[in-house]
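Asker: Structure in C-alpha coordinates, see below.
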Amino acid sequence: MPFSVATWNINSVRLRIDLVRHFLAKHRPHVLCLQETKCVNGSFPHRAFRDAGYRHIAIHGQKGYHGVAIISRRPLSDIANMQLCGKDDARHITATIEHRKRPVTIHNFYVPAGGDEPDPKTNPKFAHKLAFVREMRTRMKTIAKPGAILVGDLNIAPLETDVWSHKQLLKVVSHTPVETEGLERARAAGQWVDLMRHFVPPEEKLYTWWSYRSPDWTKNDRGRRLDHIWVSPDLVETAKSLSVLREARSWERPSDHVPVIASFS
DNA sequence: ATGACGGATCTAATCCGA
(Lines give C-alpha, C1' and ligand atoms only; values in the text may rest on other atoms or scores of the structure.)
Protein backbone atom coordinates (compact mmCIF):
# COMPACT_ATOMS: atom_id res chain seq x y z
CA MET A 1 0.00 0.00 0.00
CA PRO A 2 1.72 3.21 -1.15
CA PHE A 3 1.64 6.44 0.78
CA SER A 4 1.74 9.79 -0.97
CA VAL A 5 2.25 13.38 0.07
CA ALA A 6 1.62 16.42 -2.09
CA THR A 7 2.59 20.07 -1.58
CA TRP A 8 0.99 23.00 -3.43
CA ASN A 9 1.05 26.75 -3.01
CA ILE A 10 -2.59 27.31 -3.92
CA ASN A 11 -2.67 31.15 -3.82
CA SER A 12 -6.12 31.32 -2.19
CA VAL A 13 -7.80 28.03 -1.28
CA ARG A 14 -11.27 29.54 -1.51
CA LEU A 15 -10.79 30.94 -5.00
CA ARG A 16 -9.29 27.71 -6.31
CA ILE A 17 -11.27 25.12 -4.40
CA ASP A 18 -12.54 23.58 -7.67
CA LEU A 19 -8.96 23.10 -8.87
CA VAL A 20 -8.11 21.46 -5.55
CA ARG A 21 -11.13 19.16 -5.87
CA HIS A 22 -10.06 18.20 -9.38
CA PHE A 23 -6.51 17.53 -8.21
CA LEU A 24 -7.62 15.37 -5.28
CA ALA A 25 -10.07 13.37 -7.40
CA LYS A 26 -7.40 12.64 -9.98
CA HIS A 27 -4.32 12.04 -7.82
CA ARG A 28 -5.73 10.98 -4.44
CA PRO A 29 -2.65 11.80 -2.33
CA HIS A 30 -2.97 10.62 1.25
CA VAL A 31 -1.88 14.02 2.47
CA LEU A 32 -2.04 17.42 0.78
CA CYS A 33 -0.05 20.33 2.20
CA LEU A 34 -1.19 23.76 1.07
CA GLN A 35 0.45 27.16 1.37
CA GLU A 36 -1.01 30.64 0.84
CA THR A 37 -4.50 29.54 1.79
CA LYS A 38 -5.21 33.26 2.44
CA CYS A 39 -8.14 32.80 4.80
CA VAL A 40 -8.91 32.69 8.49
CA ASN A 41 -9.59 29.25 9.97
CA GLY A 42 -13.31 29.98 10.17
CA SER A 43 -13.50 30.54 6.39
CA PHE A 44 -11.60 27.42 5.41
CA PRO A 45 -13.66 25.30 2.94
CA HIS A 46 -13.86 22.23 5.20
CA ARG A 47 -16.90 20.77 3.50
CA ALA A 48 -15.30 20.49 0.06
CA PHE A 49 -12.44 18.47 1.56
CA ARG A 50 -14.75 16.32 3.67
CA ASP A 51 -16.87 15.54 0.61
CA ALA A 52 -13.72 14.54 -1.26
CA GLY A 53 -12.85 12.05 1.49
CA TYR A 54 -10.36 14.24 3.32
CA ARG A 55 -11.86 14.52 6.79
CA HIS A 56 -8.73 15.31 8.77
CA ILE A 57 -7.50 18.86 8.49
CA ALA A 58 -4.89 20.88 10.36
CA ILE A 59 -4.98 24.57 9.50
CA HIS A 60 -3.13 27.66 10.53
CA GLY A 61 -4.60 30.64 8.73
CA GLN A 62 -4.95 34.38 9.04
CA LYS A 63 -6.72 37.09 7.11
CA GLY A 64 -5.59 37.86 3.58
CA TYR A 65 -2.03 36.59 3.56
CA HIS A 66 -0.03 33.38 4.00
CA GLY A 67 -1.76 30.48 5.72
CA VAL A 68 -0.89 26.77 5.65
CA ALA A 69 -2.91 23.56 5.89
CA ILE A 70 -2.37 19.79 6.13
CA ILE A 71 -5.28 17.84 4.65
CA SER A 72 -5.49 14.09 5.10
CA ARG A 73 -7.55 11.00 4.37
CA ARG A 74 -6.25 9.44 7.59
CA PRO A 75 -6.30 10.79 11.15
CA LEU A 76 -3.78 13.44 12.14
CA SER A 77 -2.26 13.78 15.57
CA ASP A 78 0.22 16.09 17.32
CA ILE A 79 -1.06 19.12 15.41
CA ALA A 80 0.95 22.22 16.26
CA ASN A 81 2.47 25.31 14.74
CA MET A 82 5.66 27.20 15.31
CA GLN A 83 6.12 30.94 15.33
CA LEU A 84 9.39 31.79 13.66
CA CYS A 85 11.04 35.19 14.15
CA GLY A 86 8.55 35.81 16.96
CA LYS A 87 5.71 36.44 14.49
CA ASP A 88 2.36 34.67 14.46
CA ASP A 89 2.08 34.92 10.67
CA ALA A 90 0.75 31.47 9.71
CA ARG A 91 3.84 30.11 7.99
CA HIS A 92 4.13 26.68 9.60
CA ILE A 93 2.01 23.75 10.68
CA THR A 94 2.90 20.20 11.63
CA ALA A 95 0.91 17.01 12.06
CA THR A 96 1.65 13.31 12.42
CA ILE A 97 0.02 10.47 10.47
CA GLU A 98 0.36 6.71 10.92
CA HIS A 99 1.76 4.72 8.02
CA ARG A 100 2.29 0.98 8.51
CA LYS A 101 2.06 1.40 12.28
CA ARG A 102 4.79 4.01 12.20
CA PRO A 103 4.36 7.71 12.79
CA VAL A 104 5.26 10.02 9.91
CA THR A 105 5.59 13.64 10.99
CA ILE A 106 4.98 16.29 8.37
CA HIS A 107 6.17 19.90 8.59
CA ASN A 108 4.60 22.35 6.16
CA PHE A 109 6.41 25.69 5.70
CA TYR A 110 5.72 28.90 3.84
CA VAL A 111 8.99 30.86 3.85
CA PRO A 112 8.74 34.66 3.41
CA ALA A 113 9.10 35.83 -0.18
CA GLY A 114 11.61 38.50 0.75
CA GLY A 115 10.53 41.53 -1.28
CA ASP A 116 12.41 43.01 -4.21
CA GLU A 117 15.79 44.25 -3.03
CA PRO A 118 18.21 41.50 -1.94
CA ASP A 119 19.79 43.65 0.77
CA PRO A 120 18.87 43.00 4.41
CA LYS A 121 20.12 46.46 5.43
CA THR A 122 17.64 48.31 3.24
CA ASN A 123 14.87 45.74 2.80
CA PRO A 124 13.23 44.46 6.02
CA LYS A 125 11.38 41.74 4.09
CA PHE A 126 14.65 40.27 2.89
CA ALA A 127 16.09 40.52 6.41
CA HIS A 128 13.02 38.66 7.67
CA LYS A 129 13.47 35.95 5.04
CA LEU A 130 17.12 35.40 5.97
CA ALA A 131 16.28 35.36 9.69
CA PHE A 132 13.44 32.89 9.04
CA VAL A 133 15.74 30.47 7.20
CA ARG A 134 18.37 30.83 9.94
CA GLU A 135 15.73 30.03 12.54
CA MET A 136 14.59 27.00 10.51
CA ARG A 137 18.17 25.78 10.78
CA THR A 138 18.36 26.24 14.54
CA ARG A 139 15.06 24.40 14.95
CA MET A 140 16.22 21.33 13.03
CA LYS A 141 17.40 19.85 16.32
CA THR A 142 13.75 19.39 17.28
CA ILE A 143 12.04 18.78 13.93
CA ALA A 144 14.54 16.60 12.04
CA LYS A 145 14.11 13.01 13.15
CA PRO A 146 13.46 9.59 11.61
CA GLY A 147 10.13 9.39 9.84
CA ALA A 148 9.94 13.12 9.14
CA ILE A 149 8.97 14.98 5.97
CA LEU A 150 9.44 18.72 5.44
CA VAL A 151 7.53 20.28 2.57
CA GLY A 152 6.44 23.64 1.40
CA ASP A 153 7.00 26.80 -0.54
CA LEU A 154 10.50 27.61 0.64
CA ASN A 155 10.71 30.51 -1.80
CA ILE A 156 14.33 29.71 -2.63
CA ALA A 157 15.60 27.95 -5.77
CA PRO A 158 18.85 26.41 -4.50
CA LEU A 159 20.56 24.87 -7.55
CA GLU A 160 21.69 26.49 -10.77
CA THR A 161 19.26 24.24 -12.63
CA ASP A 162 16.41 25.31 -10.34
CA VAL A 163 16.07 28.57 -12.29
CA TRP A 164 15.78 29.38 -15.99
CA SER A 165 18.98 31.43 -15.90
CA HIS A 166 21.43 31.07 -13.03
CA LYS A 167 23.48 34.02 -14.21
CA GLN A 168 20.52 36.35 -14.66
CA LEU A 169 18.96 35.46 -11.32
CA LEU A 170 22.02 35.65 -9.08
CA LYS A 171 20.93 39.07 -7.82
CA VAL A 172 17.22 38.30 -7.86
CA VAL A 173 15.49 37.42 -4.59
CA SER A 174 14.95 33.61 -4.46
CA HIS A 175 18.30 32.70 -6.01
CA THR A 176 20.92 34.96 -4.37
CA PRO A 177 23.92 33.19 -2.81
CA VAL A 178 23.01 34.31 0.72
CA GLU A 179 19.61 32.62 0.33
CA THR A 180 20.75 29.43 -1.39
CA GLU A 181 23.60 29.01 1.11
CA GLY A 182 21.25 29.64 4.03
CA LEU A 183 18.78 27.06 2.76
CA GLU A 184 21.57 24.55 2.23
CA ARG A 185 22.77 25.08 5.79
CA ALA A 186 19.25 24.47 7.08
CA ARG A 187 18.92 21.31 4.99
CA ALA A 188 22.30 20.02 6.11
CA ALA A 189 21.61 20.81 9.78
CA GLY A 190 18.64 18.44 9.64
CA GLN A 191 20.37 15.91 7.38
CA TRP A 192 17.36 16.24 5.10
CA VAL A 193 17.41 14.63 1.67
CA ASP A 194 16.14 16.84 -1.16
CA LEU A 195 13.76 14.23 -2.55
CA MET A 196 13.02 16.06 -5.79
CA ARG A 197 16.71 15.99 -6.65
CA HIS A 198 16.97 12.37 -5.50
CA PHE A 199 14.70 11.53 -8.44
CA VAL A 200 15.59 14.27 -10.92
CA PRO A 201 19.34 14.65 -11.56
CA PRO A 202 20.78 18.08 -10.67
CA GLU A 203 21.85 18.51 -14.29
CA GLU A 204 18.21 18.70 -15.35
CA LYS A 205 16.13 21.85 -15.14
CA LEU A 206 13.28 21.52 -12.69
CA TYR A 207 10.69 24.20 -11.83
CA THR A 208 7.52 24.42 -9.75
CA TRP A 209 6.64 28.11 -10.25
CA TRP A 210 6.14 30.35 -13.27
CA SER A 211 5.33 34.06 -12.96
CA TYR A 212 1.85 35.34 -13.72
CA ARG A 213 3.45 38.23 -15.55
CA SER A 214 4.62 36.25 -18.51
CA PRO A 215 1.88 36.29 -21.17
CA ASP A 216 2.66 32.67 -22.08
CA TRP A 217 4.47 30.70 -19.37
CA THR A 218 5.19 27.81 -21.78
CA LYS A 219 6.89 29.98 -24.37
CA ASN A 220 10.23 30.59 -22.68
CA ASP A 221 9.72 28.28 -19.69
CA ARG A 222 11.16 30.82 -17.28
CA GLY A 223 10.42 29.00 -14.06
CA ARG A 224 11.97 28.43 -10.68
CA ARG A 225 11.95 25.48 -8.23
CA LEU A 226 10.58 27.17 -5.12
CA ASP A 227 8.58 24.24 -3.73
CA HIS A 228 10.36 21.38 -2.01
CA ILE A 229 9.97 17.96 -0.43
CA TRP A 230 12.69 17.01 2.04
CA VAL A 231 12.73 13.68 3.86
CA SER A 232 14.70 12.13 6.72
CA PRO A 233 17.39 9.68 5.48
CA ASP A 234 15.47 6.61 6.69
CA LEU A 235 12.59 7.42 4.34
CA VAL A 236 14.71 7.66 1.19
CA GLU A 237 14.74 3.95 0.47
CA THR A 238 10.95 3.82 0.78
CA ALA A 239 10.46 6.68 -1.70
CA LYS A 240 9.13 5.33 -4.98
CA SER A 241 8.32 8.26 -7.20
CA LEU A 242 8.22 12.00 -7.51
CA SER A 243 6.15 14.08 -9.85
CA VAL A 244 5.83 17.77 -10.62
CA LEU A 245 2.40 18.44 -12.06
CA ARG A 246 3.42 20.95 -14.72
CA GLU A 247 0.06 20.68 -16.47
CA ALA A 248 -1.61 22.36 -13.47
CA ARG A 249 -0.03 25.66 -14.53
CA SER A 250 -2.30 25.59 -17.59
CA TRP A 251 -5.52 24.89 -15.71
CA GLU A 252 -8.17 27.59 -15.77
CA ARG A 253 -7.29 30.48 -13.40
CA PRO A 254 -4.27 28.57 -12.09
CA SER A 255 -2.03 29.13 -9.11
CA ASP A 256 1.41 30.31 -10.19
CA HIS A 257 2.79 27.21 -8.38
CA VAL A 258 2.09 23.59 -9.36
CA PRO A 259 1.68 20.56 -7.07
CA VAL A 260 4.62 18.28 -6.26
CA ILE A 261 3.76 14.70 -5.26
CA ALA A 262 6.00 12.12 -3.57
CA SER A 263 5.02 8.45 -3.20
CA PHE A 264 6.42 6.02 -0.64
CA SER A 265 6.07 2.25 -0.41
C1' DA B 1 12.18 41.18 -21.51
C1' DT B 2 11.76 40.87 -13.16
C1' DG B 3 7.13 42.38 -15.08
C1' DA B 4 3.36 42.68 -19.28
C1' DC B 5 -0.46 39.62 -13.67
C1' DG B 6 -3.33 38.29 -10.07
C1' DG B 7 -5.24 37.90 -5.13
C1' DA B 8 -7.38 40.10 -0.78
C1' DT B 9 -9.34 43.91 1.13
C1' DC B 10 -13.35 48.38 4.92
C1' DT B 11 -15.09 48.10 -3.72
C1' DA B 12 -10.93 51.41 -4.82
C1' DA B 13 -6.57 51.73 -4.91
C1' DT B 14 -3.25 49.67 -2.25
C1' DC B 15 -0.46 46.11 -0.47
C1' DC B 16 1.55 41.82 -1.47
C1' DG B 17 3.58 37.98 -4.14
C1' DA B 18 8.78 36.21 -6.02
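Ordering of the C-alpha coordinates sets the chain letters (A, B, ...), residue numbers begin anew at 1 in every chain, and ligands are numbered from 1 in the order given.
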Given a cut-off of 8 Å, which residues of chain A touch chain B, counting only C-alpha atoms (C1' of nucleotides), written out as a list in words?
Answerer: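 That gives the following set of residues: Asn11, Ser12, Lys38, Gly64, Tyr65, Ala113, Gly114, Gly115, Asp116, Asn155, Val173, Ser174, Tyr212, Arg213, Ser214 and Pro215 of chain A.
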Asker: Using the chain letters and numbers from this document, which residues of range 128-222 of chain A does DSSP assign to helix (DSSP H, G or I), as a PyMOL selection string?
Answerer: chain A and resi 128-138+140-143+160-162+166-169+177-189+195-199+217-220
Asker: For range 223-238 of chain A, list every protein, DNA or RNA residue within 6 Å, evaluated using only C-alpha atoms (C1' of nucleotides), and leave out those in the same chain fewer than 5 positions away; present the list as a list in words.
Answerer: Pro146, Ala148, Ile149, Leu150, Val151, Gly152, Asp153, Leu154, Asn155, Ile156, Ala157, Asp162, Val163, Trp164, Trp192, Val193, Asp194, Leu195, Tyr207, Thr208, Trp209, Trp210, Phe264 and Ser265 of chain A
Asker: Run DSSP on the backbone of this structure and report the residues of range 145-214 of chain A it assigns to strand (DSSP E), as JSON, numbers by chain.
Answerer: {"A": [148, 149, 150, 151, 152, 153, 193, 194, 209, 210]}
Asker: State, in Å with one decimal place, the distance from CA of Arg185 in chain A to CA of Arg137 in chain A.
Answerer: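 So the two atoms, CA of Arg185 in chain A and CA of Arg137 in chain A, lie 6.8 Å apart.
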Asker: Residues near His27 in chain A, anyone? I mean within 10 Å using only C-alpha atoms (C1' of nucleotides), not counting same-chain ones fewer than 6 positions away, as a PyMOL selection string.
Answerer: chain A and resi 4+6+261
Asker: Keeping only C-alpha atoms, write those residues as a PDB file, in the first residue's frame.
Answerer:
```
ATOM      1  CA  SER A   4       1.740   9.788  -0.975  1.00  0.00           C
ATOM      2  CA  ALA A   6       1.623  16.423  -2.089  1.00  0.00           C
ATOM      3  CA  ILE A 261       3.761  14.703  -5.259  1.00  0.00           C
TER       4      ILE A 261
END
```
Asker: Please compute the CA of His60 in chain A-CA of Asn41 in chain A distance, one decimal, in Å.
Answerer: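 Here the two named atoms are 6.7 Å from each other.
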